[in-house]
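Student: The file below is my_file29.pdb, PDB, C-alpha atoms:
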MODEL        1
ATOM      1  CA  MET A  30     138.496 161.625  37.412
ATOM      2  CA  ASP A  31     140.972 161.573  34.560
ATOM      3  CA  ALA A  32     144.231 163.541  34.631
ATOM      4  CA  ALA A  33     142.696 166.730  33.263
ATOM      5  CA  GLN A  34     139.872 166.584  35.804
ATOM      6  CA  VAL A  35     142.354 166.040  38.627
ATOM      7  CA  LEU A  36     144.271 169.163  37.643
ATOM      8  CA  ALA A  37     141.038 171.129  37.237
ATOM      9  CA  HIS A  38     139.938 169.987  40.687
ATOM     10  CA  LEU A  39     143.184 171.161  42.272
ATOM     11  CA  ASP A  40     142.895 174.511  40.514
ATOM     12  CA  THR A  41     139.295 174.919  41.698
ATOM     13  CA  ARG A  42     140.378 174.157  45.259
ATOM     14  CA  GLY A  43     143.092 176.820  45.108
ATOM     15  CA  LEU A  44     145.988 174.377  45.276
ATOM     16  CA  SER A  45     148.624 175.964  43.080
ATOM     17  CA  LEU A  46     150.938 173.865  40.951
ATOM     18  CA  GLY A  47     154.244 174.613  39.290
ATOM     19  CA  GLN A  48     155.191 174.028  35.695
ATOM     20  CA  ASP A  49     154.275 170.815  33.861
ATOM     21  CA  PRO A  50     152.498 168.868  36.606
ATOM     22  CA  ARG A  51     152.383 165.102  36.121
ATOM     23  CA  VAL A  52     149.332 163.021  37.050
ATOM     24  CA  THR A  53     149.681 159.254  37.522
ATOM     25  CA  PRO A  54     146.797 156.933  38.441
ATOM     26  CA  LEU A  55     147.713 154.701  41.379
ATOM     27  CA  THR A  56     146.510 151.132  41.043
ATOM     28  CA  GLY A  57     146.127 148.287  43.507
ATOM     29  CA  GLY A  58     143.209 149.536  45.568
ATOM     30  CA  VAL A  59     139.583 148.665  44.882
ATOM     31  CA  SER A  60     137.650 151.306  46.822
ATOM     32  CA  ALA A  61     138.829 154.658  45.460
ATOM     33  CA  ALA A  62     140.170 156.490  42.434
ATOM     34  CA  VAL A  63     143.623 157.658  43.490
ATOM     35  CA  HIS A  64     146.050 159.847  41.553
ATOM     36  CA  LEU A  65     149.587 160.967  42.297
ATOM     37  CA  VAL A  66     150.286 164.564  41.258
ATOM     38  CA  GLU A  67     153.907 165.683  40.989
ATOM     39  CA  SER A  68     155.066 169.217  40.323
ATOM     40  CA  GLY A  69     158.651 170.126  41.105
ATOM     41  CA  PRO A  70     159.291 169.095  44.715
ATOM     42  CA  ASP A  71     155.568 168.781  45.478
ATOM     43  CA  ARG A  72     153.974 165.331  45.609
ATOM     44  CA  TRP A  73     150.251 165.116  46.343
ATOM     45  CA  VAL A  74     147.663 162.365  46.333
ATOM     46  CA  VAL A  75     144.113 163.054  45.150
ATOM     47  CA  LYS A  76     141.613 160.458  46.356
ATOM     48  CA  GLN A  77     137.928 160.092  45.512
ATOM     49  CA  SER A  78     135.813 157.288  47.010
ATOM     50  CA  LEU A  79     134.005 154.953  44.612
ATOM     51  CA  ALA A  80     130.351 154.008  45.114
ATOM     52  CA  GLU A  81     130.999 150.601  43.523
ATOM     53  CA  LEU A  82     134.234 148.834  44.336
ATOM     54  CA  ARG A  83     136.447 147.270  41.673
ATOM     55  CA  VAL A  84     135.893 143.583  42.407
ATOM     56  CA  ALA A  85     134.340 140.698  40.496
ATOM     57  CA  SER A  86     131.161 140.655  42.603
ATOM     58  CA  GLU A  87     128.833 143.615  43.048
ATOM     59  CA  TRP A  88     130.045 145.552  46.073
ATOM     60  CA  ARG A  89     128.695 149.009  46.841
ATOM     61  CA  ALA A  90     129.456 151.352  49.736
ATOM     62  CA  THR A  91     128.623 154.857  50.842
ATOM     63  CA  THR A  92     130.947 157.520  49.475
ATOM     64  CA  ARG A  93     130.524 159.481  52.709
ATOM     65  CA  ARG A  94     133.431 157.402  53.963
ATOM     66  CA  ALA A  95     135.746 159.973  52.333
ATOM     67  CA  LEU A  96     134.661 162.505  54.944
ATOM     68  CA  THR A  97     135.134 159.926  57.682
ATOM     69  CA  GLU A  98     138.635 159.321  56.395
ATOM     70  CA  ALA A  99     139.393 163.040  56.481
ATOM     71  CA  ALA A 100     138.199 163.345  60.072
ATOM     72  CA  ALA A 101     140.144 160.265  61.189
ATOM     73  CA  LEU A 102     143.287 161.387  59.394
ATOM     74  CA  ARG A 103     143.113 164.760  61.129
ATOM     75  CA  LEU A 104     142.681 163.075  64.502
ATOM     76  CA  ALA A 105     145.492 160.574  63.948
ATOM     77  CA  GLY A 106     147.685 163.464  62.839
ATOM     78  CA  THR A 107     147.306 165.095  66.244
ATOM     79  CA  ILE A 108     148.422 161.870  67.966
ATOM     80  CA  THR A 109     151.184 160.558  65.669
ATOM     81  CA  PRO A 110     151.885 163.410  63.223
ATOM     82  CA  THR A 111     154.962 161.784  61.685
ATOM     83  CA  HIS A 112     153.154 158.536  60.875
ATOM     84  CA  VAL A 113     150.304 159.728  58.647
ATOM     85  CA  PRO A 114     150.178 161.899  55.522
ATOM     86  CA  GLU A 115     149.223 165.542  55.879
ATOM     87  CA  LEU A 116     145.638 166.305  54.875
ATOM     88  CA  LEU A 117     145.758 169.311  52.537
ATOM     89  CA  ASP A 118     142.163 169.684  51.360
ATOM     90  CA  VAL A 119     138.705 168.168  51.772
ATOM     91  CA  ASP A 120     136.023 168.757  49.139
ATOM     92  CA  GLY A 121     132.862 167.621  50.890
ATOM     93  CA  ALA A 122     130.643 168.241  47.883
ATOM     94  CA  HIS A 123     132.654 165.876  45.686
ATOM     95  CA  GLU A 124     133.924 163.645  48.534
ATOM     96  CA  THR A 125     137.503 164.112  47.388
ATOM     97  CA  LEU A 126     140.638 164.463  49.502
ATOM     98  CA  VAL A 127     144.070 165.877  48.762
ATOM     99  CA  MET A 128     146.962 164.824  50.961
ATOM    100  CA  SER A 129     150.732 164.777  50.915
ATOM    101  CA  ALA A 130     152.407 161.881  49.143
ATOM    102  CA  ALA A 131     155.284 159.842  50.498
ATOM    103  CA  PRO A 132     158.712 160.038  48.833
ATOM    104  CA  ALA A 133     159.029 158.006  45.658
ATOM    105  CA  GLU A 134     161.337 155.462  47.294
ATOM    106  CA  ALA A 135     158.732 154.457  49.914
ATOM    107  CA  LEU A 136     157.345 150.940  49.492
ATOM    108  CA  ASP A 137     154.110 149.523  50.785
ATOM    109  CA  TRP A 138     154.777 146.905  53.451
ATOM    110  CA  ARG A 139     152.712 144.215  51.710
ATOM    111  CA  SER A 140     155.004 144.329  48.686
ATOM    112  CA  SER A 141     157.994 144.238  50.985
ATOM    113  CA  LEU A 142     156.678 141.213  52.883
ATOM    114  CA  LEU A 143     155.801 139.285  49.738
ATOM    115  CA  SER A 144     159.040 140.055  47.928
ATOM    116  CA  GLY A 145     161.337 139.500  50.898
ATOM    117  CA  VAL A 146     163.267 142.738  50.329
ATOM    118  CA  SER A 147     163.319 143.329  54.109
ATOM    119  CA  ASP A 148     165.209 140.979  56.399
ATOM    120  CA  ASP A 149     163.543 139.252  59.333
ATOM    121  CA  ASP A 150     164.733 141.816  61.884
ATOM    122  CA  ALA A 151     163.289 144.657  59.799
ATOM    123  CA  VAL A 152     159.930 142.885  59.567
ATOM    124  CA  ILE A 153     159.776 142.540  63.343
ATOM    125  CA  ALA A 154     160.885 146.160  63.823
ATOM    126  CA  VAL A 155     158.117 147.496  61.580
ATOM    127  CA  ALA A 156     155.536 145.360  63.384
ATOM    128  CA  ARG A 157     156.769 146.654  66.740
ATOM    129  CA  GLU A 158     156.439 150.282  65.614
ATOM    130  CA  LEU A 159     152.977 149.666  64.180
ATOM    131  CA  GLY A 160     151.912 148.332  67.570
ATOM    132  CA  ARG A 161     153.124 151.518  69.199
ATOM    133  CA  ILE A 162     151.269 153.701  66.672
ATOM    134  CA  LEU A 163     148.000 151.785  66.927
ATOM    135  CA  GLY A 164     148.265 151.663  70.711
ATOM    136  CA  ALA A 165     148.638 155.442  70.840
ATOM    137  CA  TRP A 166     145.524 155.938  68.690
ATOM    138  CA  HIS A 167     143.451 153.533  70.757
ATOM    139  CA  GLU A 168     144.628 154.886  74.105
ATOM    140  CA  VAL A 169     144.086 158.572  73.315
ATOM    141  CA  THR A 170     140.577 157.927  71.988
ATOM    142  CA  TRP A 171     139.612 155.282  74.580
ATOM    143  CA  ARG A 172     135.984 155.731  75.700
ATOM    144  CA  ASP A 173     136.109 159.364  74.566
ATOM    145  CA  PRO A 174     132.489 160.501  74.117
ATOM    146  CA  ASP A 175     133.447 163.267  71.690
ATOM    147  CA  VAL A 176     135.334 160.851  69.431
ATOM    148  CA  GLN A 177     132.505 158.350  69.719
ATOM    149  CA  GLY A 178     130.037 160.979  68.566
ATOM    150  CA  ARG A 179     132.164 161.985  65.595
ATOM    151  CA  PHE A 180     132.711 158.385  64.430
ATOM    152  CA  ALA A 181     129.326 156.832  65.205
ATOM    153  CA  ASP A 182     128.470 156.110  61.563
ATOM    154  CA  TYR A 183     128.910 152.346  61.071
ATOM    155  CA  GLU A 184     127.470 152.097  57.553
ATOM    156  CA  ALA A 185     130.848 151.840  55.822
ATOM    157  CA  PHE A 186     132.069 149.269  58.359
ATOM    158  CA  GLU A 187     128.995 147.142  57.711
ATOM    159  CA  GLN A 188     129.289 147.512  53.927
ATOM    160  CA  LEU A 189     133.045 147.078  53.646
ATOM    161  CA  ARG A 190     133.779 144.635  56.452
ATOM    162  CA  LEU A 191     130.952 142.801  58.236
ATOM    163  CA  THR A 192     128.812 141.984  55.193
ATOM    164  CA  PRO A 193     131.510 141.037  52.635
ATOM    165  CA  PHE A 194     133.770 139.424  55.201
ATOM    166  CA  HIS A 195     132.030 137.925  58.253
ATOM    167  CA  ARG A 196     128.508 137.422  56.902
ATOM    168  CA  ALA A 197     129.811 136.037  53.615
ATOM    169  CA  VAL A 198     131.948 133.546  55.536
ATOM    170  CA  GLN A 199     128.950 132.556  57.680
ATOM    171  CA  ALA A 200     127.018 131.732  54.521
ATOM    172  CA  ALA A 201     129.925 129.704  53.132
ATOM    173  CA  HIS A 202     130.631 127.843  56.398
ATOM    174  CA  PRO A 203     127.357 127.117  58.229
ATOM    175  CA  ARG A 204     129.125 124.795  60.681
ATOM    176  CA  LEU A 205     131.087 127.787  61.971
ATOM    177  CA  VAL A 206     128.084 130.027  62.582
ATOM    178  CA  GLY A 207     128.552 129.910  66.367
ATOM    179  CA  PRO A 208     132.094 131.330  66.645
ATOM    180  CA  LEU A 209     131.528 133.668  63.695
ATOM    181  CA  SER A 210     128.372 135.028  65.346
ATOM    182  CA  ALA A 211     130.382 135.649  68.517
ATOM    183  CA  CYS A 212     132.901 137.647  66.483
ATOM    184  CA  ILE A 213     130.169 139.660  64.782
ATOM    185  CA  ASP A 214     128.585 140.397  68.148
ATOM    186  CA  ASP A 215     131.927 141.653  69.478
ATOM    187  CA  LEU A 216     132.264 144.014  66.523
ATOM    188  CA  GLU A 217     128.671 145.231  66.509
ATOM    189  CA  THR A 218     128.547 145.990  70.231
ATOM    190  CA  GLY A 219     132.137 146.973  71.063
ATOM    191  CA  ARG A 220     132.481 150.710  71.660
ATOM    192  CA  GLU A 221     136.030 151.196  72.903
ATOM    193  CA  CYS A 222     138.063 153.554  70.729
ATOM    194  CA  LEU A 223     138.729 154.885  67.247
ATOM    195  CA  VAL A 224     139.251 151.818  65.044
ATOM    196  CA  HIS A 225     141.201 152.266  61.803
ATOM    197  CA  GLY A 226     139.292 149.465  60.065
ATOM    198  CA  ASP A 227     141.916 148.635  57.420
ATOM    199  CA  PHE A 228     145.122 148.278  59.423
ATOM    200  CA  SER A 229     146.818 146.279  56.725
ATOM    201  CA  PRO A 230     150.364 145.992  55.318
ATOM    202  CA  LYS A 231     149.136 147.432  52.006
ATOM    203  CA  ASN A 232     148.246 150.620  53.891
ATOM    204  CA  VAL A 233     151.669 150.939  55.511
ATOM    205  CA  LEU A 234     154.411 152.796  53.648
ATOM    206  CA  VAL A 235     157.993 152.109  54.663
ATOM    207  CA  GLY A 236     161.028 154.073  53.556
ATOM    208  CA  PRO A 237     164.223 155.609  54.886
ATOM    209  CA  ASP A 238     163.168 157.309  58.126
ATOM    210  CA  LEU A 239     159.504 156.867  57.133
ATOM    211  CA  LEU A 240     156.617 154.797  58.429
ATOM    212  CA  TRP A 241     153.167 155.991  57.369
ATOM    213  CA  VAL A 242     149.734 154.448  57.850
ATOM    214  CA  LEU A 243     147.140 155.290  55.170
ATOM    215  CA  ASP A 244     143.503 154.704  54.263
ATOM    216  CA  PHE A 245     141.171 155.576  57.143
ATOM    217  CA  GLU A 246     137.941 155.260  55.161
ATOM    218  CA  VAL A 247     136.537 152.431  57.328
ATOM    219  CA  ALA A 248     137.346 154.266  60.575
ATOM    220  CA  HIS A 249     134.687 154.073  63.296
ATOM    221  CA  PHE A 250     134.325 154.012  67.062
ATOM    222  CA  GLY A 251     134.317 150.314  67.773
ATOM    223  CA  ALA A 252     136.072 147.231  69.098
ATOM    224  CA  ALA A 253     139.859 147.494  69.367
ATOM    225  CA  THR A 254     140.276 143.794  68.618
ATOM    226  CA  PHE A 255     139.313 144.377  64.980
ATOM    227  CA  ASP A 256     142.471 146.366  64.188
ATOM    228  CA  LEU A 257     144.626 143.810  65.992
ATOM    229  CA  ALA A 258     143.049 140.908  64.127
ATOM    230  CA  PHE A 259     143.212 142.743  60.812
ATOM    231  CA  LEU A 260     146.973 143.143  60.909
ATOM    232  CA  GLY A 261     147.324 139.685  62.452
ATOM    233  CA  HIS A 262     145.419 137.897  59.732
ATOM    234  CA  HIS A 263     147.492 139.557  57.014
ATOM    235  CA  LEU A 264     150.682 138.343  58.679
ATOM    236  CA  ALA A 265     149.105 134.892  59.013
ATOM    237  CA  LEU A 266     148.283 134.763  55.285
ATOM    238  CA  LYS A 267     151.871 135.625  54.484
ATOM    239  CA  ALA A 268     153.073 132.806  56.711
ATOM    240  CA  PHE A 269     151.546 130.507  54.076
ATOM    241  CA  VAL A 270     152.478 132.512  50.999
ATOM    242  CA  GLY A 271     155.486 134.768  51.593
ATOM    243  CA  PRO A 272     159.244 134.210  51.857
ATOM    244  CA  HIS A 273     159.464 134.842  55.608
ATOM    245  CA  ALA A 274     159.263 131.799  57.876
ATOM    246  CA  PRO A 275     156.052 131.359  59.886
ATOM    247  CA  ASP A 276     158.073 131.674  63.111
ATOM    248  CA  VAL A 277     159.307 135.106  62.008
ATOM    249  CA  LEU A 278     155.797 136.349  61.267
ATOM    250  CA  ALA A 279     154.520 134.886  64.527
ATOM    251  CA  ALA A 280     157.307 136.773  66.323
ATOM    252  CA  ALA A 281     156.386 139.935  64.418
ATOM    253  CA  PHE A 282     152.782 139.685  65.565
ATOM    254  CA  ALA A 283     153.888 139.020  69.152
ATOM    255  CA  GLU A 284     156.084 142.148  69.062
ATOM    256  CA  PHE A 285     153.234 144.144  67.522
ATOM    257  CA  LEU A 286     150.888 143.045  70.300
ATOM    258  CA  ALA A 287     153.438 143.682  73.059
ATOM    259  CA  SER A 288     154.240 147.218  71.918
ATOM    260  CA  TYR A 289     150.527 147.902  71.439
ATOM    261  CA  GLN A 290     149.750 146.814  74.995
ATOM    262  CA  ALA A 291     152.652 148.866  76.356
ATOM    263  CA  GLU A 292     150.879 152.019  75.115
ATOM    264  CA  LEU A 293     147.617 151.202  76.852
ATOM    265  CA  ALA A 294     146.356 151.965  80.317
ATOM    266  CA  SER A 295     143.043 150.552  79.089
ATOM    267  CA  SER A 296     142.034 146.906  78.724
ATOM    268  CA  PRO A 297     140.524 146.047  75.345
ATOM    269  CA  ARG A 298     138.641 142.780  75.018
ATOM    270  CA  MET A 299     140.988 140.314  73.358
ATOM    271  CA  GLU A 300     139.782 136.960  74.628
ATOM    272  CA  ARG A 301     138.528 136.043  71.148
ATOM    273  CA  LEU A 302     141.340 137.650  69.184
ATOM    274  CA  GLY A 303     142.334 134.284  67.672
ATOM    275  CA  TRP A 304     138.804 133.684  66.393
ATOM    276  CA  HIS A 305     138.688 137.183  64.923
ATOM    277  CA  LEU A 306     141.982 136.542  63.167
ATOM    278  CA  ALA A 307     140.720 133.214  61.773
ATOM    279  CA  ALA A 308     137.415 134.735  60.618
ATOM    280  CA  LEU A 309     139.343 137.276  58.565
ATOM    281  CA  MET A 310     141.621 134.556  57.167
ATOM    282  CA  LEU A 311     138.524 132.752  55.900
ATOM    283  CA  ALA A 312     137.147 135.979  54.478
ATOM    284  CA  ARG A 313     140.232 136.400  52.307
ATOM    285  CA  VAL A 314     139.666 133.027  50.650
ATOM    286  CA  ASP A 315     135.862 132.662  50.766
ATOM    287  CA  GLY A 316     134.573 136.236  51.085
ATOM    288  CA  VAL A 317     133.678 138.871  48.500
ATOM    289  CA  SER A 318     137.276 140.112  48.177
ATOM    290  CA  PRO A 319     139.724 137.160  48.183
ATOM    291  CA  ALA A 320     143.413 138.020  48.520
ATOM    292  CA  SER A 321     144.837 138.243  45.013
ATOM    293  CA  TYR A 322     148.206 136.766  45.961
ATOM    294  CA  VAL A 323     146.797 133.545  47.467
ATOM    295  CA  SER A 324     146.863 130.512  45.139
ATOM    296  CA  ASP A 325     144.242 127.770  45.195
ATOM    297  CA  ARG A 326     146.670 125.462  46.985
ATOM    298  CA  HIS A 327     147.412 128.026  49.649
ATOM    299  CA  ALA A 328     143.721 128.893  49.945
ATOM    300  CA  ARG A 329     142.950 125.285  50.860
ATOM    301  CA  ALA A 330     145.606 125.313  53.575
ATOM    302  CA  ILE A 331     144.451 128.690  54.923
ATOM    303  CA  ARG A 332     140.828 127.536  54.944
ATOM    304  CA  ALA A 333     141.745 124.368  56.833
ATOM    305  CA  ALA A 334     143.791 126.264  59.428
ATOM    306  CA  ALA A 335     141.113 128.913  59.989
ATOM    307  CA  THR A 336     138.435 126.240  60.293
ATOM    308  CA  GLU A 337     140.534 124.388  62.869
ATOM    309  CA  ILE A 338     140.952 127.571  64.926
ATOM    310  CA  LEU A 339     137.251 128.449  64.822
ATOM    311  CA  SER A 340     136.232 124.883  65.616
ATOM    312  CA  GLY A 341     138.410 124.691  68.716
ATOM    313  CA  ASP A 342     137.967 125.886  72.271
ATOM    314  CA  ASP A 343     141.067 128.101  72.324
ATOM    315  CA  ALA A 344     139.996 131.483  70.907
ATOM    316  CA  SER A 345     143.215 133.277  71.895
ATOM    317  CA  ALA A 346     145.764 134.790  69.539
ATOM    318  CA  THR A 347     148.407 132.416  70.901
ATOM    319  CA  GLY A 348     146.252 129.408  70.078
ATOM    320  CA  ALA A 349     145.544 130.725  66.584
ATOM    321  CA  TRP A 350     149.209 131.318  65.819
ATOM    322  CA  ASP A 351     150.108 127.829  67.013
ATOM    323  CA  VAL A 352     147.784 126.465  64.329
ATOM    324  CA  VAL A 353     149.011 128.938  61.689
ATOM    325  CA  ARG A 354     152.671 128.086  62.268
ATOM    326  CA  ARG A 355     152.098 124.339  62.183
ATOM    327  CA  SER A 356     149.870 124.481  59.092
ATOM    328  CA  ALA A 357     152.053 126.916  57.181
ATOM    329  CA  GLU A 358     155.213 124.928  57.852
ATOM    330  CA  ALA A 359     153.499 121.735  56.681
ATOM    331  CA  GLY A 360     152.533 123.420  53.426
ATOM    332  CA  ARG A 361     155.984 124.670  52.513
TER     333      ARG A 361
ENDMDL
END
Could you write out this file's structure as structure tokens?
Tutor:
Amino acid sequence: MDAAQVLAHLDTRGLSLGQDPRVTPLTGGVSAAVHLVESGPDRWVVKQSLAELRVASEWRATTRRALTEAAALRLAGTITPTHVPELLDVDGAHETLVMSAAPAEALDWRSSLLSGVSDDDAVIAVARELGRILGAWHEVTWRDPDVQGRFADYEAFEQLRLTPFHRAVQAAHPRLVGPLSACIDDLETGRECLVHGDFSPKNVLVGPDLLWVLDFEVAHFGAATFDLAFLGHHLALKAFVGPHAPDVLAAAFAEFLASYQAELASSPRMERLGWHLAALMLARVDGVSPASYVSDRHARAIRAAATEILSGDDASATGAWDVVRRSAEAGR
């Protein structure tokens, strides 16, 4: 939609606007057309899923994921209402959502991590709070048959994660088929809780008295380890690339995991968490959607570290971070 179509959509949906509304396309994502609408004190986001993602390779996915996102956002809002945007409208016919927007001063955590605007203590504090939020989601939905029934559609997860990430990496690294197949099996068969599916720093907004998690379009009832590995691998990439020392990011992940586990009475399978983390690291250099901020030099170091983790016998998160810290420090 262009700006005029966004405003027409809001009018059709009965969402009234004040004088002189402003519509600004939001860039950075590849899976949706997203616009910020501002009118007086009101700030809304209008989001419409794309059938073909904005990447160099052909990458298509079901647009039904918009409705999955709406359902997951509603559910998360009942568990941690202050840590997700408010869902204002769902247009099922056009697979378009309207939700509240964060204050203008909020910054996505990826930008913060890469720029170094937050000090080390703040990085660890955000990671700790994210562990608490994710732990609450996983615990409340743990083995819940109603939630499982509502989020039993795995098409978007296959199209947006397993195929472009894990299966692409298998094709690029045939010597790692064994551990990668074990990871895929975990994710295809695990039925533990509501999994966010994109628990990434780019989907975390941080501001004064604000911590929001966004973008639930890959949500499904699956293996808890995926969300843990997804945040973990992003922190691992930034150990190679960003301004924060690898030890700081390792400590941030440890705090994230500790606060996550403190929320749980349940016992998710995490014995291969290190392999899952390494598989995703490889996917961001050799998959369909490589991380845009990773240089060729850093990609070689990340590839070598991930290969070492997946080739070893220690599949734990501790073992993986030992390799990440050593490799990232050597490359600085």
Student: Could you check which of A:Arg301, A:Ala359, A:Pro203, A:Met310 is closest to Ser345 of chain A, using all atoms listed in the file?
Tutor: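 Smallest separation from Ser345 of chain A among the options: A:Arg301.
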Student: Give me the residues near Thr336 of chain A as an MDAnalysis selection string, where near means some atom within 10 Å (using all atoms listed in the file) and where sequence neighbours in that chain fewer than 3 positions away do not count.
Tutor: chainID A and resid 202 204:205 304 307:308 310:311 330:333 339:341
Student: Could you expand the PyMOL selection byres ((chain A and resi 287) around 12) into the explicit residues it covers here, written as a list of chain:residue names?
Tutor: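 Evaluating the PyMOL selection byres ((chain A and resi 287) around 12) on this file yields A:Ile153, A:Ala156, A:Arg157, A:Glu158, A:Leu159, A:Gly160, A:Arg161, A:Leu163, A:Gly164, A:Leu257, A:Ala280, A:Ala281, A:Phe282, A:Ala283, A:Glu284, A:Phe285, A:Leu286, A:Ser288, A:Tyr289, A:Gln290, A:Ala291, A:Glu292, A:Leu293.
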Student: For Gln77 of chain A, list every protein, DNA or RNA residue within 6 Å, evaluated using all atoms listed in the file, and leave out those in the same chain fewer than 2 positions away; present the list as a list in words.
Tutor: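 Everything that qualifies: Ala61, Ala62 and Thr125 of chain A.
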Student: Give as a ChimeraX atom specification the residues that the PyMOL selection byres ((chain A and resi 258) around 8) matches when applied to the coordinates above.
Tutor: /A:254-257,259-262,302-303,305-306,309
